[in-house]
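K.L.:
Have a peek at model.cif (mmCIF, C-alpha atoms and all ligand atoms; chains and numbers go by the auth columns).
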data_model
loop_
_atom_site.group_PDB
_atom_site.id
_atom_site.type_symbol
_atom_site.label_atom_id
_atom_site.label_comp_id
_atom_site.label_asym_id
_atom_site.label_seq_id
_atom_site.Cartn_x
_atom_site.Cartn_y
_atom_site.Cartn_z
_atom_site.B_iso_or_equiv
_atom_site.auth_seq_id
_atom_site.auth_asym_id
ATOM 1 C CA VAL A 1 -9.627 7.181 8.478 0.00 1 P
ATOM 2 C CA THR A 2 -9.119 10.790 7.341 0.00 2 P
ATOM 3 C CA ILE A 3 -10.271 12.497 4.139 0.00 3 P
ATOM 4 C CA ARG A 4 -8.391 15.646 3.104 0.00 4 P
ATOM 5 C CA PRO A 5 -7.298 17.375 -0.141 0.00 5 P
ATOM 6 C CA LEU A 6 -4.464 15.741 -2.114 0.00 6 P
ATOM 7 C CA THR A 7 -1.027 17.376 -1.974 0.00 7 P
ATOM 8 C CA LEU A 8 2.050 17.045 -4.171 0.00 8 P
ATOM 9 C CA ALA A 9 3.607 14.929 -1.393 0.00 9 P
ATOM 10 C CA ASP A 10 0.928 12.279 -2.127 0.00 10 P
ATOM 11 C CA LEU A 11 2.072 11.853 -5.750 0.00 11 P
ATOM 12 C CA PRO A 12 4.310 8.763 -5.318 0.00 12 P
ATOM 13 C CA ALA A 13 1.562 6.880 -3.430 0.00 13 P
ATOM 14 C CA VAL A 14 -1.129 8.031 -5.866 0.00 14 P
ATOM 15 C CA LEU A 15 0.905 6.952 -8.915 0.00 15 P
ATOM 16 C CA ALA A 16 1.605 3.548 -7.337 0.00 16 P
ATOM 17 C CA ILE A 17 -2.131 2.910 -6.807 0.00 17 P
ATOM 18 C CA GLU A 18 -3.034 4.406 -10.192 0.00 18 P
ATOM 19 C CA SER A 19 -0.628 2.131 -12.085 0.00 19 P
ATOM 20 C CA VAL A 20 -2.113 -1.063 -10.621 0.00 20 P
ATOM 21 C CA SER A 21 -5.729 0.151 -10.888 0.00 21 P
ATOM 22 C CA PHE A 22 -6.110 1.171 -14.555 0.00 22 P
ATOM 23 C CA PRO A 23 -4.914 -0.195 -17.907 0.00 23 P
ATOM 24 C CA GLN A 24 -4.459 3.450 -19.013 0.00 24 P
ATOM 25 C CA PRO A 25 -3.283 5.229 -15.840 0.00 25 P
ATOM 26 C CA TRP A 26 -3.171 9.001 -15.477 0.00 26 P
ATOM 27 C CA SER A 27 0.316 10.508 -15.787 0.00 27 P
ATOM 28 C CA GLU A 28 2.141 12.320 -13.007 0.00 28 P
ATOM 29 C CA ALA A 29 1.729 15.557 -14.999 0.00 29 P
ATOM 30 C CA LEU A 30 -2.057 15.167 -15.026 0.00 30 P
ATOM 31 C CA PHE A 31 -2.207 14.633 -11.244 0.00 31 P
ATOM 32 C CA ARG A 32 0.116 17.601 -10.725 0.00 32 P
ATOM 33 C CA MET A 33 -2.234 19.795 -12.768 0.00 33 P
ATOM 34 C CA GLU A 34 -5.226 18.675 -10.690 0.00 34 P
ATOM 35 C CA ILE A 35 -3.447 19.266 -7.394 0.00 35 P
ATOM 36 C CA ASN A 36 -2.206 22.708 -8.510 0.00 36 P
ATOM 37 C CA ASN A 37 -5.608 23.757 -9.898 0.00 37 P
ATOM 38 C CA PRO A 38 -7.494 25.755 -7.251 0.00 38 P
ATOM 39 C CA GLN A 39 -10.801 25.025 -9.064 0.00 39 P
ATOM 40 C CA ALA A 40 -10.339 21.248 -8.911 0.00 40 P
ATOM 41 C CA VAL A 41 -11.802 19.149 -6.119 0.00 41 P
ATOM 42 C CA HIS A 42 -9.651 16.254 -4.953 0.00 42 P
ATOM 43 C CA PHE A 43 -9.478 14.078 -1.884 0.00 43 P
ATOM 44 C CA ALA A 44 -6.977 11.721 -0.320 0.00 44 P
ATOM 45 C CA LEU A 45 -8.192 9.017 2.031 0.00 45 P
ATOM 46 C CA GLU A 46 -5.637 8.131 4.684 0.00 46 P
ATOM 47 C CA ASP A 47 -5.946 5.009 6.775 0.00 47 P
ATOM 48 C CA GLY A 48 -3.485 4.641 9.647 0.00 48 P
ATOM 49 C CA GLY A 49 -1.260 7.347 8.152 0.00 49 P
ATOM 50 C CA ARG A 50 -1.063 5.681 4.735 0.00 50 P
ATOM 51 C CA LEU A 51 -2.721 6.889 1.522 0.00 51 P
ATOM 52 C CA ALA A 52 -5.321 4.217 0.732 0.00 52 P
ATOM 53 C CA GLY A 53 -7.362 5.983 -1.967 0.00 53 P
ATOM 54 C CA TYR A 54 -8.043 9.210 -3.824 0.00 54 P
ATOM 55 C CA LEU A 55 -10.394 10.942 -6.209 0.00 55 P
ATOM 56 C CA CYS A 56 -10.216 13.938 -8.545 0.00 56 P
ATOM 57 C CA ALA A 57 -13.183 15.935 -9.813 0.00 57 P
ATOM 58 C CA GLY A 58 -13.737 19.126 -11.749 0.00 58 P
ATOM 59 C CA THR A 59 -16.491 21.725 -11.760 0.00 59 P
ATOM 60 C CA VAL A 60 -18.118 23.438 -14.745 0.00 60 P
ATOM 61 C CA LEU A 61 -20.816 25.949 -13.741 0.00 61 P
ATOM 62 C CA ASP A 62 -23.253 23.963 -11.563 0.00 62 P
ATOM 63 C CA GLU A 63 -22.072 20.535 -12.712 0.00 63 P
ATOM 64 C CA MET A 64 -19.289 18.365 -11.378 0.00 64 P
ATOM 65 C CA ASP A 65 -17.352 15.611 -13.103 0.00 65 P
ATOM 66 C CA LEU A 66 -15.801 12.752 -11.129 0.00 66 P
ATOM 67 C CA ARG A 67 -12.690 12.153 -13.216 0.00 67 P
ATOM 68 C CA VAL A 68 -10.749 9.473 -11.355 0.00 68 P
ATOM 69 C CA ILE A 69 -11.132 7.363 -8.219 0.00 69 P
ATOM 70 C CA ALA A 70 -9.082 4.418 -6.996 0.00 70 P
ATOM 71 C CA VAL A 71 -8.383 2.523 -3.802 0.00 71 P
ATOM 72 C CA ALA A 72 -5.211 0.494 -3.127 0.00 72 P
ATOM 73 C CA PRO A 73 -5.885 -3.192 -3.946 0.00 73 P
ATOM 74 C CA ASP A 74 -5.160 -4.336 -0.375 0.00 74 P
ATOM 75 C CA ALA A 75 -7.495 -1.671 1.047 0.00 75 P
ATOM 76 C CA ARG A 76 -10.564 -2.445 -1.080 0.00 76 P
ATOM 77 C CA ARG A 77 -13.983 -3.569 0.207 0.00 77 P
ATOM 78 C CA GLN A 78 -13.620 -1.532 3.392 0.00 78 P
ATOM 79 C CA GLY A 79 -15.904 1.316 2.373 0.00 79 P
ATOM 80 C CA HIS A 80 -13.098 3.694 1.322 0.00 80 P
ATOM 81 C CA ALA A 81 -14.457 4.457 -2.161 0.00 81 P
ATOM 82 C CA ARG A 82 -17.927 4.920 -0.709 0.00 82 P
ATOM 83 C CA ALA A 83 -16.474 7.412 1.812 0.00 83 P
ATOM 84 C CA LEU A 84 -14.598 9.288 -0.927 0.00 84 P
ATOM 85 C CA VAL A 85 -17.653 9.600 -3.200 0.00 85 P
ATOM 86 C CA ALA A 86 -19.834 10.586 -0.223 0.00 86 P
ATOM 87 C CA ALA A 87 -17.307 13.333 0.594 0.00 87 P
ATOM 88 C CA LEU A 88 -17.488 14.522 -3.022 0.00 88 P
ATOM 89 C CA LEU A 89 -21.301 14.609 -2.979 0.00 89 P
ATOM 90 C CA ALA A 90 -21.214 16.579 0.300 0.00 90 P
ATOM 91 C CA GLU A 91 -18.751 19.062 -1.205 0.00 91 P
ATOM 92 C CA ALA A 92 -20.878 19.332 -4.359 0.00 92 P
ATOM 93 C CA ARG A 93 -23.986 20.123 -2.278 0.00 93 P
ATOM 94 C CA LYS A 94 -22.007 22.722 -0.338 0.00 94 P
ATOM 95 C CA GLN A 95 -21.029 24.370 -3.658 0.00 95 P
ATOM 96 C CA GLY A 96 -24.630 24.357 -4.916 0.00 96 P
ATOM 97 C CA ILE A 97 -23.865 21.792 -7.634 0.00 97 P
ATOM 98 C CA GLY A 98 -26.943 20.325 -9.357 0.00 98 P
ATOM 99 C CA TYR A 99 -25.452 17.284 -11.084 0.00 99 P
ATOM 100 C CA VAL A 100 -22.413 15.059 -10.655 0.00 100 P
ATOM 101 C CA HIS A 101 -21.384 13.075 -13.742 0.00 101 P
ATOM 102 C CA LEU A 102 -18.936 10.239 -14.323 0.00 102 P
ATOM 103 C CA GLU A 103 -17.961 7.567 -16.841 0.00 103 P
ATOM 104 C CA VAL A 104 -17.251 3.932 -16.107 0.00 104 P
ATOM 105 C CA ARG A 105 -16.061 0.982 -18.154 0.00 105 P
ATOM 106 C CA GLU A 106 -18.995 -1.190 -19.075 0.00 106 P
ATOM 107 C CA SER A 107 -17.332 -4.259 -17.457 0.00 107 P
ATOM 108 C CA ASN A 108 -16.485 -2.495 -14.169 0.00 108 P
ATOM 109 C CA GLU A 109 -19.220 -4.055 -12.032 0.00 109 P
ATOM 110 C CA ALA A 110 -17.586 -3.018 -8.730 0.00 110 P
ATOM 111 C CA ALA A 111 -17.638 0.662 -9.691 0.00 111 P
ATOM 112 C CA LYS A 112 -21.138 0.464 -11.203 0.00 112 P
ATOM 113 C CA ARG A 113 -22.486 -1.016 -7.940 0.00 113 P
ATOM 114 C CA LEU A 114 -20.687 1.597 -5.903 0.00 114 P
ATOM 115 C CA TYR A 115 -22.208 4.436 -7.947 0.00 115 P
ATOM 116 C CA THR A 116 -25.780 3.126 -8.092 0.00 116 P
ATOM 117 C CA SER A 117 -25.703 2.522 -4.324 0.00 117 P
ATOM 118 C CA LEU A 118 -24.880 6.219 -3.908 0.00 118 P
ATOM 119 C CA GLY A 119 -27.742 7.484 -6.086 0.00 119 P
ATOM 120 C CA PHE A 120 -26.071 7.657 -9.517 0.00 120 P
ATOM 121 C CA ARG A 121 -28.197 6.529 -12.468 0.00 121 P
ATOM 122 C CA PRO A 122 -27.019 5.355 -15.925 0.00 122 P
ATOM 123 C CA VAL A 123 -27.905 8.077 -18.446 0.00 123 P
ATOM 124 C CA GLY A 124 -25.968 7.195 -21.585 0.00 124 P
ATOM 125 C CA ARG A 125 -23.074 5.489 -23.254 0.00 125 P
ATOM 126 C CA ARG A 126 -19.959 6.466 -25.227 0.00 126 P
ATOM 127 C CA LYS A 127 -19.106 3.799 -27.803 0.00 127 P
ATOM 128 C CA GLY A 128 -15.513 2.557 -27.692 0.00 128 P
ATOM 129 C CA TYR A 129 -14.493 5.286 -25.242 0.00 129 P
ATOM 130 C CA TYR A 130 -11.832 3.202 -23.489 0.00 130 P
ATOM 131 C CA GLY A 131 -8.805 1.407 -24.910 0.00 131 P
ATOM 132 C CA GLU A 132 -6.792 -1.651 -23.776 0.00 132 P
ATOM 133 C CA PRO A 133 -9.261 -3.321 -24.293 0.00 133 P
ATOM 134 C CA THR A 134 -11.639 -1.193 -26.326 0.00 134 P
ATOM 135 C CA GLU A 135 -14.848 -0.858 -24.382 0.00 135 P
ATOM 136 C CA ASP A 136 -17.876 1.413 -24.063 0.00 136 P
ATOM 137 C CA ALA A 137 -18.195 3.931 -21.252 0.00 137 P
ATOM 138 C CA VAL A 138 -21.463 4.031 -19.360 0.00 138 P
ATOM 139 C CA LEU A 139 -22.324 7.572 -18.250 0.00 139 P
ATOM 140 C CA TYR A 140 -23.784 8.007 -14.780 0.00 140 P
ATOM 141 C CA THR A 141 -25.333 11.099 -13.224 0.00 141 P
ATOM 142 C CA ALA A 142 -26.381 11.903 -9.661 0.00 142 P
ATOM 143 C CA GLU A 143 -28.943 14.688 -9.419 0.00 143 P
ATOM 144 C CA LEU A 144 -28.517 16.576 -6.161 0.00 144 P
ATOM 145 C CA THR A 145 -31.587 18.067 -4.563 0.00 145 P
HETATM 146 C C1 LIG B . -14.001 0.572 -7.705 0.00 201 P
HETATM 147 C C2 LIG B . -13.172 0.838 -6.442 0.00 201 P
HETATM 148 C C3 LIG B . -12.774 2.316 -6.396 0.00 201 P
HETATM 149 C C4 LIG B . -14.021 0.487 -5.206 0.00 201 P
HETATM 150 O O1 LIG B . -13.279 0.819 -4.044 0.00 201 P
HETATM 151 P P1 LIG B . -13.579 0.154 -2.623 0.00 201 P
HETATM 152 O O2 LIG B . -12.982 1.026 -1.582 0.00 201 P
HETATM 153 O O3 LIG B . -13.185 -1.267 -2.647 0.00 201 P
HETATM 154 O O4 LIG B . -15.174 0.236 -2.569 0.00 201 P
HETATM 155 P P2 LIG B . -16.068 0.207 -1.245 0.00 201 P
HETATM 156 O O5 LIG B . -15.471 -0.734 -0.252 0.00 201 P
HETATM 157 O O6 LIG B . -16.345 1.588 -0.803 0.00 201 P
HETATM 158 O O7 LIG B . -17.386 -0.459 -1.834 0.00 201 P
HETATM 159 C C5 LIG B . -18.578 0.266 -1.991 0.00 201 P
HETATM 160 C C6 LIG B . -19.563 -0.593 -2.774 0.00 201 P
HETATM 161 O O8 LIG B . -19.092 -0.776 -4.106 0.00 201 P
HETATM 162 C C7 LIG B . -19.430 -2.099 -4.553 0.00 201 P
HETATM 163 N N1 LIG B . -18.187 -2.850 -4.765 0.00 201 P
HETATM 164 C C8 LIG B . -16.928 -2.452 -4.500 0.00 201 P
HETATM 165 N N2 LIG B . -16.043 -3.405 -4.861 0.00 201 P
HETATM 166 C C9 LIG B . -16.761 -4.418 -5.375 0.00 201 P
HETATM 167 C C10 LIG B . -16.423 -5.668 -5.955 0.00 201 P
HETATM 168 N N3 LIG B . -15.150 -6.070 -6.053 0.00 201 P
HETATM 169 N N4 LIG B . -17.423 -6.457 -6.411 0.00 201 P
HETATM 170 C C11 LIG B . -18.718 -6.057 -6.322 0.00 201 P
HETATM 171 N N5 LIG B . -19.103 -4.880 -5.771 0.00 201 P
HETATM 172 C C12 LIG B . -18.147 -4.068 -5.316 0.00 201 P
HETATM 173 C C13 LIG B . -20.239 -2.724 -3.472 0.00 201 P
HETATM 174 O O9 LIG B . -21.590 -2.387 -3.707 0.00 201 P
HETATM 175 C C14 LIG B . -19.721 -2.002 -2.250 0.00 201 P
HETATM 176 O O10 LIG B . -20.615 -1.981 -1.178 0.00 201 P
HETATM 177 P P3 LIG B . -20.577 -3.222 -0.121 0.00 201 P
HETATM 178 O O11 LIG B . -19.150 -3.459 0.235 0.00 201 P
HETATM 179 O O12 LIG B . -21.421 -2.714 1.005 0.00 201 P
HETATM 180 O O13 LIG B . -21.171 -4.374 -0.873 0.00 201 P
HETATM 181 C C15 LIG B . -11.892 -0.072 -6.394 0.00 201 P
HETATM 182 O O14 LIG B . -12.285 -1.409 -6.665 0.00 201 P
HETATM 183 C C16 LIG B . -10.828 0.359 -7.379 0.00 201 P
HETATM 184 O O15 LIG B . -9.973 1.193 -7.068 0.00 201 P
HETATM 185 N N6 LIG B . -10.854 -0.227 -8.604 0.00 201 P
HETATM 186 C C17 LIG B . -9.890 0.104 -9.648 0.00 201 P
HETATM 187 C C18 LIG B . -10.095 1.509 -10.151 0.00 201 P
HETATM 188 C C19 LIG B . -11.505 1.734 -10.646 0.00 201 P
HETATM 189 O O16 LIG B . -12.120 0.873 -11.261 0.00 201 P
HETATM 190 N N7 LIG B . -12.036 2.938 -10.376 0.00 201 P
HETATM 191 C C20 LIG B . -13.371 3.328 -10.809 0.00 201 P
HETATM 192 C C21 LIG B . -13.314 3.835 -12.197 0.00 201 P
HETATM 193 S S1 LIG B . -14.870 4.472 -12.730 0.00 201 P
#
Please lay out the structure from this file as structure tokens.
P.N.:
Amino acid sequence: VTIRPLTLADLPAVLAIESVSFPQPWSEALFRMEINNPQAVHFALEDGGRLAGYLCAGTVLDEMDLRVIAVAPDARRQGHARALVAALLAEARKQGIGYVHLEVRESNEAAKRLYTSLGFRPVGRRKGYYGEPTEDAVLYTAELT
């Protein structure tokens, strides 16, 4: 298993995973912007030469925002998301980041467990933040020390 920055060559594989992972998937244009943005932090996780998962994050001053993370359905429950988020937290520490934030659908128990097991704590809620179906977002923050 290798973790490295995303490249434009990953786009077809990323979009295939994205479309089966979210009711409101990110567009190709959005991923292109992330990959072309030198300030963005993004990782691809390769397993046996195949893209199995990815994440995109952004930095504002000393805070980081985990914006999207997904793992291919047939590659889940193998620790890939945990490895991706751990890589992000390591990168955040290296950059002197104090807080990493993210939002998750209230019903997304898998993601909520993943985040709390990595030190994220629920800190708030955005009412009706998601569509298809309409659902609250729970806000999580990890404080890095
Ligand atoms: C959420 C997601 C990224 C997890 O990826 P993954 O590679 O399967 O996760 P991991 O194998 O690293 O699991 C880490 C921990 O998360 C929790 N977890 C992951 N999937 C779970 C599930 N289906 N049910 C319950 N807990 C789960 C567990 O605590 C797990 O630790 P464990 O396996 O030791 O019990 C993946 O299910 C996914 O891509 N879902 C669709 C997109 C999505 O919801 N992204 C998050 C948006 S905020």
K.L.:
Please identify every polymer residue within 9 Å of ligand LIG 201 (chain P), using only C-alpha atoms and all ligand atoms, and present the set as a ChimeraX atom specification.
P.N.:
/P:17-18,20-22,52-55,66-85,102-105,108-118
K.L.:
Dump C-alpha atoms for the selected residues as a PDB file, in the frame of the given file?
P.N.:
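Output file out-v7.pdb follows:
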ATOM      1  CA  ILE P  17      -2.131   2.910  -6.807  1.00  0.00           C
ATOM      2  CA  GLU P  18      -3.034   4.406 -10.192  1.00  0.00           C
ATOM      3  CA  VAL P  20      -2.113  -1.063 -10.621  1.00  0.00           C
ATOM      4  CA  SER P  21      -5.729   0.151 -10.888  1.00  0.00           C
ATOM      5  CA  PHE P  22      -6.110   1.171 -14.555  1.00  0.00           C
ATOM      6  CA  ALA P  52      -5.321   4.217   0.732  1.00  0.00           C
ATOM      7  CA  GLY P  53      -7.362   5.983  -1.967  1.00  0.00           C
ATOM      8  CA  TYR P  54      -8.043   9.210  -3.824  1.00  0.00           C
ATOM      9  CA  LEU P  55     -10.394  10.942  -6.209  1.00  0.00           C
ATOM     10  CA  LEU P  66     -15.801  12.752 -11.129  1.00  0.00           C
ATOM     11  CA  ARG P  67     -12.690  12.153 -13.216  1.00  0.00           C
ATOM     12  CA  VAL P  68     -10.749   9.473 -11.355  1.00  0.00           C
ATOM     13  CA  ILE P  69     -11.132   7.363  -8.219  1.00  0.00           C
ATOM     14  CA  ALA P  70      -9.082   4.418  -6.996  1.00  0.00           C
ATOM     15  CA  VAL P  71      -8.383   2.523  -3.802  1.00  0.00           C
ATOM     16  CA  ALA P  72      -5.211   0.494  -3.127  1.00  0.00           C
ATOM     17  CA  PRO P  73      -5.885  -3.192  -3.946  1.00  0.00           C
ATOM     18  CA  ASP P  74      -5.160  -4.336  -0.375  1.00  0.00           C
ATOM     19  CA  ALA P  75      -7.495  -1.671   1.047  1.00  0.00           C
ATOM     20  CA  ARG P  76     -10.564  -2.445  -1.080  1.00  0.00           C
ATOM     21  CA  ARG P  77     -13.983  -3.569   0.207  1.00  0.00           C
ATOM     22  CA  GLN P  78     -13.620  -1.532   3.392  1.00  0.00           C
ATOM     23  CA  GLY P  79     -15.904   1.316   2.373  1.00  0.00           C
ATOM     24  CA  HIS P  80     -13.098   3.694   1.322  1.00  0.00           C
ATOM     25  CA  ALA P  81     -14.457   4.457  -2.161  1.00  0.00           C
ATOM     26  CA  ARG P  82     -17.927   4.920  -0.709  1.00  0.00           C
ATOM     27  CA  ALA P  83     -16.474   7.412   1.812  1.00  0.00           C
ATOM     28  CA  LEU P  84     -14.598   9.288  -0.927  1.00  0.00           C
ATOM     29  CA  VAL P  85     -17.653   9.600  -3.200  1.00  0.00           C
ATOM     30  CA  LEU P 102     -18.936  10.239 -14.323  1.00  0.00           C
ATOM     31  CA  GLU P 103     -17.961   7.567 -16.841  1.00  0.00           C
ATOM     32  CA  VAL P 104     -17.251   3.932 -16.107  1.00  0.00           C
ATOM     33  CA  ARG P 105     -16.061   0.982 -18.154  1.00  0.00           C
ATOM     34  CA  ASN P 108     -16.485  -2.495 -14.169  1.00  0.00           C
ATOM     35  CA  GLU P 109     -19.220  -4.055 -12.032  1.00  0.00           C
ATOM     36  CA  ALA P 110     -17.586  -3.018  -8.730  1.00  0.00           C
ATOM     37  CA  ALA P 111     -17.638   0.662  -9.691  1.00  0.00           C
ATOM     38  CA  LYS P 112     -21.138   0.464 -11.203  1.00  0.00           C
ATOM     39  CA  ARG P 113     -22.486  -1.016  -7.940  1.00  0.00           C
ATOM     40  CA  LEU P 114     -20.687   1.597  -5.903  1.00  0.00           C
ATOM     41  CA  TYR P 115     -22.208   4.436  -7.947  1.00  0.00           C
ATOM     42  CA  THR P 116     -25.780   3.126  -8.092  1.00  0.00           C
ATOM     43  CA  SER P 117     -25.703   2.522  -4.324  1.00  0.00           C
ATOM     44  CA  LEU P 118     -24.880   6.219  -3.908  1.00  0.00           C
TER      45      LEU P 118
END
K.L.:
For P:Gly131, find every residue with an atom within 10 Å (counting all atoms listed in the file), except residues of its own chain fewer than 5 positions away, and show them as a short mmCIF file (atom, residue, chain, number, x, y, z; two decimals) with C-alpha atoms, in the frame of the given file.
P.N.:
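Result saved to result-v6.cif:
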data_model
loop_
_atom_site.label_atom_id
_atom_site.label_comp_id
_atom_site.auth_asym_id
_atom_site.auth_seq_id
_atom_site.Cartn_x
_atom_site.Cartn_y
_atom_site.Cartn_z
CA PRO P 23 -4.91 -0.20 -17.91
CA GLN P 24 -4.46 3.45 -19.01
CA ARG P 105 -16.06 0.98 -18.15
CA ASP P 136 -17.88 1.41 -24.06
#
K.L.:
If you measure from atom CA of P:Ala142 to atom CA of P:Ala40, what distance in Å do you get, rounded to one decimal?
P.N.:
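One can read the atom CA of P:Ala142 to atom CA of P:Ala40 distance as 18.6 Å.
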K.L.:
Calculate, to one decimal in Å, the centre and edge lengths of the box along x, y and z of the file that holds all listed atoms of stretch 110-122 of chain P with 8 Å of margin on each side, and present them as lines of an AutoDock Vina configuration file.
P.N.:
center_x = -22.9
center_y = 2.3
center_z = -9.9
size_x = 26.6
size_y = 26.7
size_z = 28.0
K.L.:
Compare P:Asp65, P:Thr7, P:Thr145, P:Glu135 by their minimum atom-to-atom distance to P:Phe31, counting all atoms listed in the file, and give me the closest one.
P.N.:
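Using all atoms listed in the file, P:Phe31 sits closest to P:Thr7.
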K.L.:
Written as JSON, numbers by chain, what is the full residue list that the PyMOL selection byres (((chain P and resi 92) around 12) and not hetatm) yields on the file shown?
P.N.:
{"P": [40, 41, 42, 57, 58, 59, 60, 61, 62, 63, 64, 65, 66, 85, 86, 87, 88, 89, 90, 91, 93, 94, 95, 96, 97, 98, 99, 100, 101, 142, 143, 144, 145]}
K.L.:
With only C-alpha atoms as the atoms that count, which of P:Leu139, P:Ile35, P:Leu6, P:Ala13 lies nearest to P:Lys127?
P.N.:
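Among the listed residues, the smallest separation from P:Lys127 belongs to P:Leu139.
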K.L.:
Just say which residues the PyMOL selection byres (((chain P and resi 1) around 6) and not hetatm) picks in this file, as a list in words.
P.N.:
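This file, filtered by the PyMOL selection byres (((chain P and resi 1) around 6) and not hetatm), leaves Thr2, Glu46 and Asp47 of chain P.
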K.L.:
Which distance in Å separates atom CA of P:Ala29 and atom CA of P:Tyr140, to one decimal?
P.N.:
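Pair atom CA of P:Ala29 / atom CA of P:Tyr140 returns 26.6 Å.
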